[in-house]
Amino acid sequence: MSLSEPLCFLPAELRPPDLWLMNWQDLLDYSWKSPAGVMAWSGHGTAVHSPASDPPTAFSTSTQADTLRTQNLQEALGLSTGLGNKDSVAGNPEGKGVWGTKETPGEEEEEEITTAPTSSSSPVPSPSPTPEDAITYILGRLAGLDAGLHQLHIRLHALDTRVVQLTQGLRQLRDATSDTRDSVQALKEAQVRAEQEHGRLEGCLKGLRLGHKCFLLSRDFETQAAAQARCKARGGSLAQPADRQQMDAVARYLRSALAPYNWPVWLGVNDRRSEGLYLFENGQRVSFFAWHRAPSPEPGAQPSAASHPLSPNQPNGGVLENCVAQASDDGSWWDHDCERRLYFICEFPF
């Protein structure tokens, strides 16, 4: 049934001319203001006519009249009571579709939830802690601290173990370093011995072998101290002829090696400790000498004046010349400045 169908039971002269275009607000106004009187509808579509001259005296206010009209319309349209009132109609500016809207169950529940009054109960105060609660809290805190302390002890023990391991590793590393140092030292000593053995073999193979000694000439220019160091590094020392026989053999060896030139060659003889006291490099005192002397004058010749300080007679250098070199041409000894750079001859034990 359409919204205006209950008015179809009215006589034609009582129907509004624009019945089909009227909304519910207009129909309500028409039902009360019409000259035919106020219409009320039942659920079966029957209408009850009340004369317009008999206004509803049972209502004392306009609000009650509006409520009655709303209930009549709801009963006529089969709507549930409580839905749609004047406030609802007034809430719609156009007054359309409000009374005929049917809400779904979900919307009704949502509306009930929205419109349900909320209880404004006062907050319940929390109970005050008891001594047992305080003791429980303190015991819990102590248990947590004890657990943390236990973890710290575990970590400290792990650190102590790590420190012990590192200390042992460091000790082992030091021992290994010491062993390595000893090994390096042993290798150096072995190298020195090998070089000495090599020099000794080379001196005896390439040089002059005489009894239990071997002599080898070096054509490198060195000071007397540097020459001694080089001979020592090769397992020998500067030549130290022990007697006249060895000195003559060394002289022949140098003459054959350096001929036709005359080169002074360092020997292991010096007077550094005391002027005029000549010693071998091993500290032994020299028991014989082969100093160079100027030629003797011929018989019947006039004797020369006093000898000059720089005369060729050796030794003549005093404190300025403390090292002895042997001439390669005649094997005579000459004193020289120890810092001069000369050839040198080494001797090696055999």
# chains A, B, ... in the order shown; residues from 1 in each chain; ligands from 1
>>> residues_around(residues="segment 192-207 of chain A", least_positions_apart="3", cutoff="6 Å", atoms="only C-alpha atoms", output="ChimeraX atom specification")
/A:189,214-216,234-235,348
>>> residues_around(residues="Glu222 of chain A", least_positions_apart="5", cutoff="8 Å", atoms="only C-alpha atoms", output="ChimeraX atom specification")
/A:227,340-344
>>> write_last_selection(atoms="N, CA and C atoms", output="short mmCIF file (atom, residue, chain, number, x, y, z; two decimals), in the first residue's frame")
data_model
loop_
_atom_site.label_atom_id
_atom_site.label_comp_id
_atom_site.auth_asym_id
_atom_site.auth_seq_id
_atom_site.Cartn_x
_atom_site.Cartn_y
_atom_site.Cartn_z
N ALA A 227 141.50 -3.87 7.79
CA ALA A 227 142.11 -5.07 7.22
C ALA A 227 142.13 -6.21 8.23
N ARG A 340 146.22 4.91 6.75
CA ARG A 340 146.43 4.80 5.30
C ARG A 340 145.73 3.55 4.79
N ARG A 341 145.31 3.62 3.54
CA ARG A 341 144.58 2.52 2.93
C ARG A 341 145.55 1.78 2.00
N LEU A 342 145.86 0.56 2.38
CA LEU A 342 146.85 -0.24 1.65
C LEU A 342 146.29 -1.64 1.38
N TYR A 343 147.02 -2.39 0.53
CA TYR A 343 146.73 -3.82 0.41
C TYR A 343 147.03 -4.49 1.75
N PHE A 344 146.55 -5.70 1.91
CA PHE A 344 146.83 -6.43 3.15
C PHE A 344 146.92 -7.92 2.85
#
>>> atom_distance(atom1="atom CA of Gln151 of chain A", atom2="atom CA of Leu170 of chain A")
28.2 Å
>>> select_by_dssp(residues="segment 257-286 of chain A", states="strand (DSSP E or B)", output="list in words")
Pro264, Val265, Trp266, Leu267, Gly268, Val269, Asn270, Asp271, Arg272, Arg273, Ser274, Leu277, Tyr278, Leu279, Phe280 and Arg285 of chain A
>>> atom_distance(atom1="atom CA of Asn282 of chain A", atom2="atom CA of Asn322 of chain A")
16.1 Å
>>> select_by_dssp(residues="segment 154-337 of chain A", states="alpha helix (DSSP H)", output="ChimeraX atom specification")
/A:154-206,224-233,244-258
>>> atom_distance(atom1="atom CA of Val269 of chain A", atom2="atom CA of Ala239 of chain A")
8.4 Å
>>> closest_residue(among="A:Gln168, A:Glu347, A:Thr177, A:His157", to="Gln228 of chain A", atoms="only C-alpha atoms")
A:Glu347
>>> residues_around(residues="Ala225 of chain A", least_positions_apart="6", cutoff="12 Å", atoms="only C-alpha atoms", output="mmCIF file with N, CA and C atoms, in the first residue's frame")
data_model
loop_
_atom_site.group_PDB
_atom_site.id
_atom_site.type_symbol
_atom_site.label_atom_id
_atom_site.label_comp_id
_atom_site.auth_asym_id
_atom_site.auth_seq_id
_atom_site.Cartn_x
_atom_site.Cartn_y
_atom_site.Cartn_z
ATOM 1 N N CYS A 231 140.214 -9.861 7.843
ATOM 2 C CA CYS A 231 140.913 -11.141 7.986
ATOM 3 C C CYS A 231 140.289 -11.990 9.081
ATOM 4 N N LYS A 232 139.879 -11.338 10.184
ATOM 5 C CA LYS A 232 139.265 -12.073 11.286
ATOM 6 C C LYS A 232 137.922 -12.641 10.876
ATOM 7 N N SER A 237 143.800 -13.677 10.474
ATOM 8 C CA SER A 237 144.259 -12.393 10.985
ATOM 9 C C SER A 237 145.295 -11.861 10.010
ATOM 10 N N LEU A 238 145.730 -10.620 10.252
ATOM 11 C CA LEU A 238 146.820 -10.100 9.434
ATOM 12 C C LEU A 238 148.073 -10.965 9.628
ATOM 13 N N TRP A 266 149.935 -4.338 4.345
ATOM 14 C CA TRP A 266 149.825 -4.341 5.812
ATOM 15 C C TRP A 266 150.176 -5.714 6.380
ATOM 16 N N LEU A 267 150.988 -5.663 7.496
ATOM 17 C CA LEU A 267 151.254 -6.836 8.316
ATOM 18 C C LEU A 267 150.569 -6.661 9.666
ATOM 19 N N GLY A 268 150.530 -7.740 10.425
ATOM 20 C CA GLY A 268 149.910 -7.676 11.748
ATOM 21 C C GLY A 268 150.897 -7.266 12.815
ATOM 22 N N VAL A 269 151.596 -6.111 12.616
ATOM 23 C CA VAL A 269 152.603 -5.622 13.553
ATOM 24 C C VAL A 269 152.337 -4.147 13.804
ATOM 25 N N ASN A 270 152.402 -3.676 15.075
ATOM 26 C CA ASN A 270 152.186 -2.273 15.415
ATOM 27 C C ASN A 270 152.815 -1.979 16.777
ATOM 28 N N ARG A 272 151.230 0.519 18.873
ATOM 29 C CA ARG A 272 150.223 1.433 19.409
ATOM 30 C C ARG A 272 150.321 1.510 20.938
ATOM 31 N N GLU A 281 149.459 -8.910 16.324
ATOM 32 C CA GLU A 281 148.037 -8.712 16.627
ATOM 33 C C GLU A 281 147.562 -9.623 17.749
ATOM 34 N N ASN A 322 152.510 4.156 13.433
ATOM 35 C CA ASN A 322 152.566 3.073 14.420
ATOM 36 C C ASN A 322 152.264 1.700 13.839
ATOM 37 N N CYS A 323 152.014 1.597 12.544
ATOM 38 C CA CYS A 323 151.683 0.307 11.929
ATOM 39 C C CYS A 323 152.745 -0.028 10.885
ATOM 40 N N ASP A 337 151.327 5.464 8.722
ATOM 41 C CA ASP A 337 150.135 5.887 9.474
ATOM 42 C C ASP A 337 149.087 4.773 9.377
ATOM 43 N N CYS A 338 148.533 4.408 10.503
ATOM 44 C CA CYS A 338 147.579 3.282 10.531
ATOM 45 C C CYS A 338 146.312 3.557 9.737
ATOM 46 N N GLU A 339 146.043 4.845 9.431
ATOM 47 C CA GLU A 339 144.822 5.189 8.700
ATOM 48 C C GLU A 339 145.030 5.195 7.190
ATOM 49 N N ARG A 340 146.217 4.909 6.752
ATOM 50 C CA ARG A 340 146.434 4.795 5.301
ATOM 51 C C ARG A 340 145.726 3.548 4.786
ATOM 52 N N ARG A 341 145.308 3.624 3.544
ATOM 53 C CA ARG A 341 144.583 2.515 2.934
ATOM 54 C C ARG A 341 145.547 1.782 1.996
ATOM 55 N N LEU A 342 145.864 0.557 2.382
ATOM 56 C CA LEU A 342 146.847 -0.244 1.649
ATOM 57 C C LEU A 342 146.291 -1.637 1.380
ATOM 58 N N PHE A 344 146.546 -5.700 1.911
ATOM 59 C CA PHE A 344 146.831 -6.430 3.151
ATOM 60 C C PHE A 344 146.925 -7.922 2.850
#
